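> Contents of work.tsv (TSV, C-alpha atoms) are below:
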chain	number	residue	atom	x	y	z
O	19	MET	CA	-30.79	73.88	-48.91
O	20	GLU	CA	-27.59	73.45	-50.88
O	21	ILE	CA	-26.80	70.18	-52.66
O	22	LEU	CA	-23.05	69.76	-53.16
O	23	LYS	CA	-21.49	67.68	-55.92
O	24	ASN	CA	-18.61	65.23	-55.52
O	25	GLN	CA	-18.32	66.02	-51.79
O	26	SER	CA	-15.56	64.44	-49.70
O	27	LEU	CA	-16.99	62.53	-46.73
O	28	LYS	CA	-13.71	62.46	-44.79
O	29	ALA	CA	-14.99	64.96	-42.22
O	30	PHE	CA	-18.32	63.14	-41.93
O	31	ASN	CA	-17.16	59.67	-40.86
O	32	THR	CA	-15.16	58.96	-37.72
O	33	PHE	CA	-12.81	56.56	-39.51
O	34	GLY	CA	-11.69	59.56	-41.58
O	35	ILE	CA	-11.98	57.67	-44.87
O	36	ASP	CA	-11.73	60.01	-47.85
O	37	ALA	CA	-14.58	58.59	-49.91
O	38	LYS	CA	-16.75	60.94	-51.95
O	39	ALA	CA	-20.48	61.42	-52.27
O	40	LYS	CA	-21.98	61.96	-55.72
O	41	GLU	CA	-24.25	64.55	-54.06
O	42	PHE	CA	-24.40	65.75	-50.47
O	43	ALA	CA	-26.86	67.80	-48.42
O	44	ILE	CA	-27.22	68.70	-44.75
O	45	VAL	CA	-30.91	68.67	-43.77
O	46	ASN	CA	-31.97	70.78	-40.78
O	47	SER	CA	-35.74	70.33	-40.79
O	48	LEU	CA	-38.36	67.66	-41.35
O	49	GLU	CA	-39.98	69.83	-44.02
O	50	LYS	CA	-36.74	70.01	-46.02
O	51	LEU	CA	-36.22	66.28	-45.58
O	52	ILE	CA	-39.65	65.49	-47.03
O	53	GLU	CA	-39.11	68.01	-49.81
O	54	ILE	CA	-35.88	66.37	-50.96
O	55	ILE	CA	-37.26	62.81	-50.65
O	56	LYS	CA	-40.21	63.75	-52.86
O	57	ILE	CA	-37.90	64.50	-55.77
O	58	THR	CA	-35.33	61.74	-55.21
O	59	PRO	CA	-35.96	57.98	-55.53
O	60	LYS	CA	-35.35	56.38	-52.14
O	61	GLU	CA	-32.88	53.91	-53.65
O	62	ASP	CA	-30.74	56.92	-54.63
O	63	ILE	CA	-30.51	58.25	-51.06
O	64	PHE	CA	-27.94	57.36	-48.40
O	65	PHE	CA	-28.69	58.64	-44.90
O	66	LEU	CA	-25.78	59.61	-42.72
O	67	GLY	CA	-25.94	60.33	-39.00
O	68	GLY	CA	-22.81	60.99	-36.99
O	69	GLY	CA	-20.77	58.71	-39.27
O	70	SER	CA	-19.54	56.77	-36.24
O	71	ASN	CA	-20.60	53.25	-37.16
O	72	ILE	CA	-19.73	52.99	-40.84
O	73	LEU	CA	-16.67	52.05	-42.83
O	74	LEU	CA	-16.66	53.49	-46.34
O	75	THR	CA	-14.84	51.24	-48.81
O	76	LYS	CA	-15.83	53.14	-51.94
O	77	ASP	CA	-17.40	56.37	-53.15
O	78	VAL	CA	-21.14	56.71	-52.56
O	79	GLU	CA	-22.86	57.10	-55.90
O	80	LYS	CA	-25.99	58.52	-54.30
O	81	LEU	CA	-27.33	61.62	-52.63
O	82	VAL	CA	-25.92	61.52	-49.11
O	83	ILE	CA	-28.19	63.24	-46.60
O	84	GLN	CA	-26.81	64.14	-43.22
O	85	LEU	CA	-29.70	64.48	-40.77
O	86	ASN	CA	-29.13	67.51	-38.58
O	87	LEU	CA	-32.51	67.64	-36.80
O	88	LYS	CA	-32.02	69.20	-33.36
O	89	GLY	CA	-33.99	69.47	-30.13
O	90	ILE	CA	-34.46	67.81	-26.72
O	91	TYR	CA	-37.90	67.84	-25.08
O	92	VAL	CA	-39.53	66.48	-21.94
O	93	VAL	CA	-42.78	64.96	-23.19
O	94	LYS	CA	-44.00	63.42	-19.93
O	95	ASN	CA	-42.94	64.35	-16.41
O	96	GLN	CA	-44.05	62.11	-13.55
O	97	PRO	CA	-42.88	62.03	-9.91
O	98	ASP	CA	-40.67	58.98	-10.43
O	99	TYR	CA	-39.92	58.98	-14.17
O	100	VAL	CA	-39.65	61.18	-17.22
O	101	ILE	CA	-40.08	60.51	-20.93
O	102	ILE	CA	-37.63	62.60	-22.89
O	103	GLU	CA	-37.43	63.01	-26.64
O	104	ALA	CA	-34.29	63.82	-28.61
O	105	MET	CA	-34.18	64.61	-32.31
O	106	ALA	CA	-32.10	62.43	-34.61
O	107	GLY	CA	-29.30	64.95	-35.15
O	108	GLU	CA	-28.46	65.40	-31.48
O	109	VAL	CA	-24.99	64.14	-30.61
O	110	TRP	CA	-25.45	61.05	-28.45
O	111	HIS	CA	-22.93	61.91	-25.74
O	112	GLU	CA	-24.22	65.48	-25.43
O	113	PHE	CA	-27.73	64.11	-25.01
O	114	VAL	CA	-26.54	61.68	-22.33
O	115	MET	CA	-24.84	64.58	-20.52
O	116	PHE	CA	-28.13	66.51	-20.65
O	117	THR	CA	-29.90	63.62	-18.90
O	118	ILE	CA	-27.12	63.29	-16.31
O	119	THR	CA	-27.16	67.03	-15.56
O	120	ASN	CA	-30.91	66.83	-14.98
O	121	ASN	CA	-30.53	63.73	-12.78
O	122	PHE	CA	-32.45	61.50	-15.19
O	123	GLY	CA	-31.15	57.97	-14.73
O	124	GLY	CA	-30.71	55.15	-17.21
O	125	LEU	CA	-28.17	56.24	-19.81
O	126	GLU	CA	-25.11	56.77	-17.62
O	127	ASN	CA	-23.41	53.52	-18.73
O	128	LEU	CA	-23.72	54.68	-22.34
O	129	SER	CA	-21.68	57.85	-21.83
O	130	LEU	CA	-19.11	58.83	-24.48
O	131	ILE	CA	-20.40	56.48	-27.16
O	132	PRO	CA	-19.83	58.24	-30.51
O	133	GLY	CA	-22.63	58.96	-32.95
O	134	ASN	CA	-26.02	60.64	-33.05
O	135	VAL	CA	-29.31	59.85	-31.33
O	136	GLY	CA	-31.11	58.90	-34.55
O	137	THR	CA	-28.89	55.91	-35.29
O	138	SER	CA	-28.79	54.60	-31.71
O	139	PRO	CA	-31.88	52.34	-31.99
O	140	MET	CA	-30.79	50.90	-35.34
O	141	GLN	CA	-27.73	49.35	-33.74
O	142	ASN	CA	-29.23	48.95	-30.25
O	143	ILE	CA	-26.01	50.56	-29.03
O	144	GLY	CA	-24.70	49.36	-25.72
O	145	ALA	CA	-21.80	49.40	-23.28
O	146	TYR	CA	-20.95	48.14	-19.81
O	147	GLY	CA	-23.93	45.83	-19.49
O	148	ARG	CA	-26.59	48.23	-20.75
O	149	GLU	CA	-28.26	48.73	-24.13
O	150	ILE	CA	-30.65	51.19	-25.74
O	151	LYS	CA	-33.52	48.73	-25.36
O	152	ASP	CA	-33.31	49.02	-21.56
O	153	THR	CA	-34.60	52.63	-21.57
O	154	PHE	CA	-36.00	53.02	-25.09
O	155	TYR	CA	-39.67	54.03	-25.06
O	156	SER	CA	-40.42	54.78	-28.72
O	157	CYS	CA	-39.13	56.42	-31.86
O	158	LYS	CA	-40.71	58.37	-34.68
O	159	ALA	CA	-39.66	57.34	-38.16
O	160	LEU	CA	-40.47	58.68	-41.60
O	161	ASN	CA	-41.85	56.07	-43.98
O	162	LEU	CA	-39.90	56.66	-47.19
O	163	ASN	CA	-42.74	55.33	-49.34
O	164	THR	CA	-45.72	57.13	-47.83
O	165	LEU	CA	-43.82	60.09	-46.31
O	166	GLU	CA	-45.89	59.62	-43.17
O	167	ILE	CA	-44.38	59.58	-39.68
O	168	GLU	CA	-44.94	56.34	-37.79
O	169	THR	CA	-44.28	55.48	-34.15
O	170	PHE	CA	-42.36	52.36	-33.14
O	171	TYR	CA	-42.50	51.23	-29.53
O	172	ASN	CA	-39.91	49.06	-27.80
O	173	GLU	CA	-41.51	45.75	-28.72
O	174	ASP	CA	-41.92	46.86	-32.36
O	175	CYS	CA	-38.17	47.30	-32.78
O	176	LYS	CA	-37.20	43.64	-32.20
O	177	PHE	CA	-34.06	44.64	-30.35
O	178	GLY	CA	-31.24	42.11	-30.14
O	179	TYR	CA	-27.51	42.30	-29.52
O	180	ARG	CA	-26.51	45.19	-31.83
O	181	GLU	CA	-29.66	44.44	-33.82
O	182	SER	CA	-33.06	45.94	-34.51
O	183	VAL	CA	-35.85	45.80	-37.06
O	184	PHE	CA	-34.27	48.83	-38.73
O	185	LYS	CA	-31.13	46.84	-39.58
O	186	ASN	CA	-33.11	43.94	-40.94
O	187	GLU	CA	-36.60	43.78	-42.45
O	188	LEU	CA	-37.16	47.56	-42.38
O	189	LYS	CA	-33.68	48.50	-43.60
O	190	GLY	CA	-33.91	51.27	-46.19
O	191	LYS	CA	-37.65	51.75	-45.67
O	192	TYR	CA	-37.63	54.30	-42.83
O	193	VAL	CA	-35.46	57.08	-41.46
O	194	ILE	CA	-35.61	57.74	-37.72
O	195	ILE	CA	-36.59	61.32	-36.88
O	196	SER	CA	-36.54	61.28	-33.07
O	197	VAL	CA	-36.20	58.89	-30.13
O	198	GLN	CA	-37.94	58.83	-26.75
O	199	PHE	CA	-36.47	57.33	-23.57
O	200	LYS	CA	-38.12	56.52	-20.25
O	201	LEU	CA	-35.69	57.53	-17.50
O	202	THR	CA	-35.87	57.50	-13.72
O	203	LYS	CA	-35.99	60.67	-11.62
O	204	GLU	CA	-35.31	59.09	-8.24
O	205	ASN	CA	-34.29	55.74	-6.76
O	206	HIS	CA	-32.02	55.12	-9.72
O	207	THR	CA	-30.88	51.56	-10.35
O	208	LEU	CA	-27.14	51.49	-10.97
O	209	TYR	CA	-25.34	48.87	-13.06
O	210	ILE	CA	-21.71	48.81	-11.97
O	211	ASP	CA	-20.78	45.11	-12.06
O	212	TYR	CA	-19.92	45.00	-15.78
O	213	GLY	CA	-16.39	45.71	-16.92
O	214	ALA	CA	-14.20	47.91	-14.74
O	215	ILE	CA	-16.83	50.36	-13.46
O	216	LYS	CA	-16.70	49.14	-9.85
O	217	GLN	CA	-12.89	49.25	-9.81
O	218	GLU	CA	-12.90	52.74	-11.31
O	219	LEU	CA	-15.34	53.94	-8.64
O	220	GLU	CA	-13.06	52.48	-5.98
O	221	LYS	CA	-10.14	54.40	-7.47
O	222	MET	CA	-12.31	57.51	-7.23
O	223	ASN	CA	-12.93	56.69	-3.53
O	224	ILE	CA	-16.69	56.55	-4.11
O	225	ALA	CA	-18.59	54.03	-1.99
O	226	ASN	CA	-22.14	55.19	-2.70
O	227	PRO	CA	-22.14	56.27	-6.36
O	228	THR	CA	-24.69	58.45	-8.08
O	229	ILE	CA	-25.56	58.30	-11.79
O	230	GLN	CA	-23.15	61.21	-12.20
O	231	ASP	CA	-20.36	59.15	-10.62
O	232	VAL	CA	-21.10	56.15	-12.84
O	233	SER	CA	-21.06	58.36	-15.94
O	234	LYS	CA	-17.75	59.89	-14.91
O	235	ALA	CA	-16.26	56.44	-14.27
O	236	VAL	CA	-17.40	55.19	-17.68
O	237	ILE	CA	-15.95	58.27	-19.39
O	238	GLN	CA	-12.61	57.80	-17.64
O	239	ILE	CA	-12.47	54.12	-18.61
O	240	ARG	CA	-13.35	54.82	-22.23
O	241	GLU	CA	-10.87	57.69	-22.51
O	242	SER	CA	-8.10	55.47	-21.11
O	243	LYS	CA	-8.79	52.70	-23.61
O	244	LEU	CA	-10.32	54.22	-26.72
O	245	PRO	CA	-8.71	56.69	-29.15
O	246	ASN	CA	-10.42	60.00	-29.84
O	247	PRO	CA	-11.72	59.86	-33.45
O	248	LYS	CA	-10.64	63.48	-33.86
O	249	GLU	CA	-7.05	62.36	-33.30
O	250	ILE	CA	-7.01	58.81	-34.73
O	251	GLY	CA	-9.69	57.63	-37.14
O	252	ASN	CA	-11.81	54.84	-35.70
O	253	SER	CA	-15.37	53.68	-35.17
O	254	GLY	CA	-15.13	52.43	-31.61
O	255	SER	CA	-15.69	48.71	-31.23
O	256	PHE	CA	-15.26	47.17	-34.68
O	257	PHE	CA	-16.47	43.66	-33.81
O	258	LYS	CA	-19.39	42.32	-31.81
O	259	ASN	CA	-18.59	40.26	-28.74
O	260	PRO	CA	-19.39	36.71	-29.89
O	261	VAL	CA	-21.99	34.64	-28.07
O	262	ILE	CA	-21.18	30.92	-28.01
O	263	SER	CA	-22.83	27.83	-26.59
O	264	LYS	CA	-22.07	26.74	-23.05
O	265	ILE	CA	-20.74	23.44	-24.44
O	266	GLN	CA	-18.25	25.23	-26.70
O	267	PHE	CA	-17.28	27.52	-23.83
O	268	GLU	CA	-16.52	24.61	-21.51
O	269	THR	CA	-14.32	23.04	-24.21
O	270	LEU	CA	-12.42	26.31	-24.68
O	271	LEU	CA	-12.06	26.75	-20.93
O	272	GLU	CA	-10.05	23.54	-20.73
O	273	LYS	CA	-7.45	25.04	-23.09
O	274	HIS	CA	-7.78	28.61	-21.82
O	275	PRO	CA	-8.58	28.51	-18.08
O	276	HIS	CA	-8.45	32.32	-17.79
O	277	LEU	CA	-10.92	32.91	-20.63
O	278	PRO	CA	-12.99	36.00	-19.68
O	279	HIS	CA	-16.72	35.61	-20.18
O	280	TYR	CA	-20.21	36.83	-19.32
O	281	ILE	CA	-23.20	34.57	-18.82
O	282	VAL	CA	-26.00	35.43	-21.26
O	283	SER	CA	-28.34	32.55	-20.39
O	284	GLU	CA	-28.25	28.97	-19.17
O	285	THR	CA	-27.03	27.88	-22.61
O	286	GLU	CA	-25.09	30.90	-23.94
O	287	ILE	CA	-21.88	32.66	-22.97
O	288	LYS	CA	-20.52	35.97	-24.29
O	289	ILE	CA	-16.77	36.21	-24.91
O	290	PRO	CA	-14.96	39.59	-25.19
O	291	ALA	CA	-13.85	39.93	-28.80
O	292	GLY	CA	-11.04	42.24	-27.72
O	293	TRP	CA	-9.48	39.45	-25.63
O	294	LEU	CA	-9.67	37.02	-28.56
O	295	ILE	CA	-8.00	39.55	-30.88
O	296	GLU	CA	-5.30	40.26	-28.33
O	297	GLN	CA	-4.58	36.55	-27.90
O	298	ALA	CA	-4.29	36.31	-31.68
O	299	GLY	CA	-1.44	38.82	-31.49
O	300	PHE	CA	-3.02	41.81	-33.22
O	301	LYS	CA	-3.16	44.33	-30.37
O	302	GLY	CA	-1.07	47.35	-31.33
O	303	SER	CA	-0.23	45.93	-34.76
O	304	ARG	CA	-0.04	48.14	-37.82
O	305	PHE	CA	-0.26	47.46	-41.55
O	306	GLY	CA	0.52	50.70	-43.33
O	307	ASP	CA	-1.96	53.23	-41.97
O	308	ALA	CA	-4.47	50.53	-40.92
O	309	GLY	CA	-4.00	49.13	-37.45
O	310	VAL	CA	-5.31	47.78	-34.17
O	311	HIS	CA	-5.22	50.20	-31.26
O	312	LYS	CA	-2.51	49.66	-28.66
O	313	ASN	CA	-4.87	50.01	-25.68
O	314	GLN	CA	-7.95	48.22	-26.97
O	315	ALA	CA	-7.71	45.38	-29.47
O	316	LEU	CA	-11.41	45.70	-30.31
O	317	VAL	CA	-10.74	49.03	-32.03
O	318	LEU	CA	-9.41	49.15	-35.59
O	319	VAL	CA	-7.86	52.49	-36.51
O	320	ASN	CA	-6.87	54.67	-39.43
O	321	TYR	CA	-3.54	56.31	-38.65
O	322	GLY	CA	-3.91	58.76	-41.50
O	323	GLU	CA	-4.47	57.71	-45.07
O	324	ALA	CA	-5.77	54.13	-44.84
O	325	SER	CA	-8.49	53.23	-47.28
O	326	GLY	CA	-11.66	51.46	-46.27
O	327	ALA	CA	-10.47	48.41	-48.21
O	328	GLU	CA	-7.27	48.28	-46.15
O	329	ILE	CA	-9.28	48.35	-42.91
O	330	VAL	CA	-11.50	45.54	-44.24
O	331	ASN	CA	-8.45	43.47	-45.21
O	332	LEU	CA	-7.10	43.83	-41.68
O	333	ALA	CA	-10.48	42.81	-40.26
O	334	HIS	CA	-10.42	39.67	-42.43
O	335	LYS	CA	-6.93	38.77	-41.19
O	336	ILE	CA	-8.12	39.09	-37.61
O	337	GLN	CA	-11.26	37.03	-38.22
O	338	THR	CA	-9.27	34.25	-39.89
O	339	LYS	CA	-6.70	33.93	-37.10
O	340	VAL	CA	-9.26	34.15	-34.28
O	341	ASN	CA	-11.32	31.43	-35.95
O	342	LYS	CA	-8.25	29.26	-36.40
O	343	MET	CA	-7.23	29.63	-32.74
O	344	PHE	CA	-10.62	29.48	-31.02
O	345	GLN	CA	-13.13	28.21	-33.61
O	346	ILE	CA	-15.13	31.39	-32.99
O	347	ASN	CA	-16.41	33.68	-35.72
O	348	ILE	CA	-16.24	37.35	-34.81
O	349	ILE	CA	-18.61	39.56	-36.79
O	350	PRO	CA	-18.19	43.28	-37.53
O	351	GLU	CA	-20.40	45.62	-35.56
O	352	VAL	CA	-19.54	48.42	-37.96
O	353	ASN	CA	-21.62	48.76	-41.14
O	354	ILE	CA	-19.30	48.23	-44.10
O	355	ILE	CA	-20.40	50.25	-47.12
If you took the structure in this file and wrote it as structure tokens, what would it be?

Amino acid sequence: MEILKNQSLKAFNTFGIDAKAKEFAIVNSLEKLIEIIKITPKEDIFFLGGGSNILLTKDVEKLVIQLNLKGIYVVKNQPDYVIIEAMAGEVWHEFVMFTITNNFGGLENLSLIPGNVGTSPMQNIGAYGREIKDTFYSCKALNLNTLEIETFYNEDCKFGYRESVFKNELKGKYVIISVQFKLTKENHTLYIDYGAIKQELEKMNIANPTIQDVSKAVIQIRESKLPNPKEIGNSGSFFKNPVISKIQFETLLEKHPHLPHYIVSETEIKIPAGWLIEQAGFKGSRFGDAGVHKNQALVLVNYGEASGAEIVNLAHKIQTKVNKMFQINIIPEVNII
């Protein structure tokens, strides 16, 4: 295993930020991972997955390890469900396509989300009304202190909206090795009422959709709205959709009668952050090489040579104006390093 010095991370983060790593290694096996951790203090290690949910604002003065553990396995096969395990280095979308091809239901709404499998539980990634927690069965994680592999089940992970135990109290203490999902094999339950999925299916002239149809619809919607990171640097949705109280929502509704929203509970309402940003006038705006995408205001982009600091400055401008207009704080979903 080669350890590179002063390695550019531009090709390893989807924002395309040209920060450098003091040291860099691609790890292809659990044995090699344990070997390198044994000789490196854990506080001097920075784990990198697909680089799709980070914004680098400076060089990383640590050993950056990109986990490249590969493999997809069926660990339990029952008449009506399957438990499938994917290693941390598997590309998320490719894994989802594997499940769709095999008619395993549950992940179709999460098609085309960038990143790797190993980081998906950390963020409790989600889209179109579904989240990891809805199908997550367990994950195996390496304890960086004991170097033992521990299993975390759904309830252990304390999943919340773009939250998990791995982003909070266990941050920096474990690295996820593999993830297991419990997926249906027949009588799939489809979730098509969130966003534009139903309308997209209608455009496709599909009245009785399959999980394959839902996946295709989601892909088409995402491709029409979201820039390809290989063409324009971005990290997908930059901000979380804010959840506000019903009382605050009703006050806002008086001023903005067409305010889009989703009911979370009897007392909470979720507001699309993209709509708030668009109303604040930032959609399609550009400040040097940092900008807001023309088709989706929720996506901040790097048009070429923007620094991480420039992207952060733009995010702060957006937050300030949205708060001034709506009295709502929008919080980054992306991890700012």
> Give me the residues near Tyr321 of chain O as a PyMOL selection string, where near means some atom within 10 Å (using only C-alpha atoms) and where sequence neighbours in that chain fewer than 2 positions away do not count.
chain O and resi 33-34+249-252+304-311+318-319+323-324
> Residues near Met343 of chain O, anyone? I mean within 10 Å using all atoms listed in the file, not counting same-chain ones fewer than 3 positions away, as a ChimeraX atom specification.
/O:294,297-298,338-340,346
> Tell me, as a PyMOL selection string, which residues lie within 9 Å of Phe257 of chain O, counting all atoms listed in the file; anything in the same chain fewer than 5 positions away does not count.
chain O and resi 291-292+316-317+333+348-352
> Which residues are near segment 96-100 of chain O? Cut-off 6 Å, only C-alpha atoms, ignore same chain within fewer than 4 positions. Put them as a PDB file with C-alpha atoms, in the coordinates of the input.

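Wrote around20.pdb, looks like this:
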ATOM      1  CA  LYS O 200     -38.120  56.520 -20.250  1.00  0.00           C
ATOM      2  CA  LEU O 201     -35.690  57.530 -17.500  1.00  0.00           C
ATOM      3  CA  THR O 202     -35.870  57.500 -13.720  1.00  0.00           C
ATOM      4  CA  LYS O 203     -35.990  60.670 -11.620  1.00  0.00           C
ATOM      5  CA  GLU O 204     -35.310  59.090  -8.240  1.00  0.00           C
TER       6      GLU O 204
END
> So how far away is atom CA of Thr137 of chain O from atom CA of Lys185 of chain O, in Å?
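It comes out at 10.3 Å.
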> Taking all atoms listed in the file into account, name the residue in O:Gln25, O:Gln314, O:Ser138, O:Ser233 that is nearest to Ser70 of chain O.
O:Ser138
> Would you mind listing what lies within 9 Å of Asn46 of chain O as a tab-separated table (two decimals) with C-alpha atoms, in the frame of the given file, with only C-alpha atoms counted and same-chain residues fewer than 3 positions away left out?

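What landed in out00.tsv:
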chain	number	residue	atom	x	y	z
O	19	MET	CA	-30.79	73.88	-48.91
O	49	GLU	CA	-39.98	69.83	-44.02
O	50	LYS	CA	-36.74	70.01	-46.02
O	51	LEU	CA	-36.22	66.28	-45.58
O	84	GLN	CA	-26.81	64.14	-43.22
O	85	LEU	CA	-29.70	64.48	-40.77
O	86	ASN	CA	-29.13	67.51	-38.58
O	87	LEU	CA	-32.51	67.64	-36.80
O	88	LYS	CA	-32.02	69.20	-33.36
O	107	GLY	CA	-29.30	64.95	-35.15
> Kindly indicate which residue among O:Gln238, O:Asn121, O:Asn31, O:Asn353 lies nearest to His206 of chain O, using all atoms listed in the file for the distances.
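Checking each of O:Gln238, O:Asn121, O:Asn31, O:Asn353 against His206 of chain O, counting all atoms listed in the file, the winner is O:Asn121.
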> Which of these, O:Ile101, O:Val236, O:Ile72, O:Ile210, has the shortest distance to Ile131 of chain O once you count all atoms listed in the file?
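So, comparing all the options, the nearest one is O:Val236.
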> One decimal, in Å: what's the spacing between atom CA of Leu162 of chain O and atom CA of Leu81 of chain O?
14.6 Å
> Just how far from atom CA of Ile83 of chain O is atom CA of Val45 of chain O, in Å to one decimal?
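Answer for the atom CA of Val45 of chain O to atom CA of Ile83 of chain O separation: 6.7 Å.
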> Nearest to Thr164 of chain O: which of O:Ile262, O:Ala145, O:Ile118, O:Ile55 is it, counting all atoms listed in the file?
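Once distances to Thr164 of chain O are computed over all atoms listed in the file, the minimum belongs to O:Ile55.
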> Smallest atom-to-atom distance to Val135 of chain O: which of O:Lys191, O:His111, O:Arg148, O:Lys158, using all atoms listed in the file?
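Using all atoms listed in the file, the shortest distance to Val135 of chain O belongs to O:His111.
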> Under the rule that all atoms listed in the file are counted, which of O:His276, O:Lys28, O:Lys94, O:Lys258 is the nearest residue to Gly144 of chain O?
O:Lys258
> List every protein, DNA or RNA residue with an atom no more than 12 Å from (-27.9, 52.2, -37.6) in the file's coordinates, counting only C-alpha atoms, and format the result as an MDAnalysis selection string.
chainID O and resid 64:72 106 133:143 180:186 188:190 192:194 351:354
> If we draw a sphere of 7 Å around (-12.7, 49.4, -50.5), which residues have at least one atom in it when counting only C-alpha atoms? Please report them as a list of chain:residue names.
O:Thr75, O:Lys76, O:Ser325, O:Gly326, O:Ala327
> Quick one: segment 30-45 of chain O with N, CA, C and O atoms, as a compact mmCIF listing (two decimals), keeping the file's coordinate frame?

# COMPACT_ATOMS: atom_id res chain seq x y z
N PHE O 30 -17.00 63.58 -42.35
CA PHE O 30 -18.32 63.14 -41.93
C PHE O 30 -18.37 61.67 -41.52
O PHE O 30 -19.44 61.11 -41.33
N ASN O 31 -17.20 61.02 -41.41
CA ASN O 31 -17.16 59.67 -40.86
C ASN O 31 -15.98 59.58 -39.91
O ASN O 31 -14.90 60.09 -40.19
N THR O 32 -16.18 58.94 -38.77
CA THR O 32 -15.16 58.96 -37.72
C THR O 32 -13.92 58.13 -38.05
O THR O 32 -12.89 58.29 -37.40
N PHE O 33 -14.00 57.27 -39.05
CA PHE O 33 -12.81 56.56 -39.51
C PHE O 33 -11.91 57.49 -40.33
O PHE O 33 -10.74 57.19 -40.58
N GLY O 34 -12.47 58.62 -40.79
CA GLY O 34 -11.69 59.56 -41.58
C GLY O 34 -11.33 59.03 -42.96
O GLY O 34 -10.28 59.36 -43.50
N ILE O 35 -12.22 58.22 -43.53
CA ILE O 35 -11.98 57.67 -44.87
C ILE O 35 -12.38 58.72 -45.92
O ILE O 35 -13.47 59.28 -45.85
N ASP O 36 -11.49 58.94 -46.87
CA ASP O 36 -11.73 60.01 -47.85
C ASP O 36 -12.50 59.50 -49.07
O ASP O 36 -12.04 59.60 -50.21
N ALA O 37 -13.68 58.95 -48.81
CA ALA O 37 -14.58 58.59 -49.91
C ALA O 37 -15.39 59.83 -50.30
O ALA O 37 -15.48 60.79 -49.53
N LYS O 38 -15.99 59.79 -51.48
CA LYS O 38 -16.75 60.94 -51.95
C LYS O 38 -18.22 60.58 -52.17
O LYS O 38 -18.55 59.44 -52.46
N ALA O 39 -19.06 61.58 -51.99
CA ALA O 39 -20.48 61.42 -52.27
C ALA O 39 -20.79 62.07 -53.61
O ALA O 39 -20.32 63.19 -53.90
N LYS O 40 -21.57 61.38 -54.43
CA LYS O 40 -21.98 61.96 -55.72
C LYS O 40 -22.67 63.29 -55.49
O LYS O 40 -22.41 64.29 -56.18
N GLU O 41 -23.59 63.31 -54.50
CA GLU O 41 -24.25 64.55 -54.06
C GLU O 41 -24.35 64.51 -52.55
O GLU O 41 -24.39 63.44 -51.94
N PHE O 42 -24.40 65.69 -51.93
CA PHE O 42 -24.40 65.75 -50.47
C PHE O 42 -25.23 66.94 -50.01
O PHE O 42 -25.13 68.04 -50.56
N ALA O 43 -26.05 66.71 -48.98
CA ALA O 43 -26.86 67.80 -48.42
C ALA O 43 -27.01 67.61 -46.92
O ALA O 43 -27.15 66.48 -46.43
N ILE O 44 -26.94 68.70 -46.18
CA ILE O 44 -27.22 68.70 -44.75
C ILE O 44 -28.65 69.19 -44.57
O ILE O 44 -29.00 70.28 -45.02
N VAL O 45 -29.49 68.36 -43.92
CA VAL O 45 -30.91 68.67 -43.77
C VAL O 45 -31.19 69.05 -42.32
O VAL O 45 -30.92 68.27 -41.40
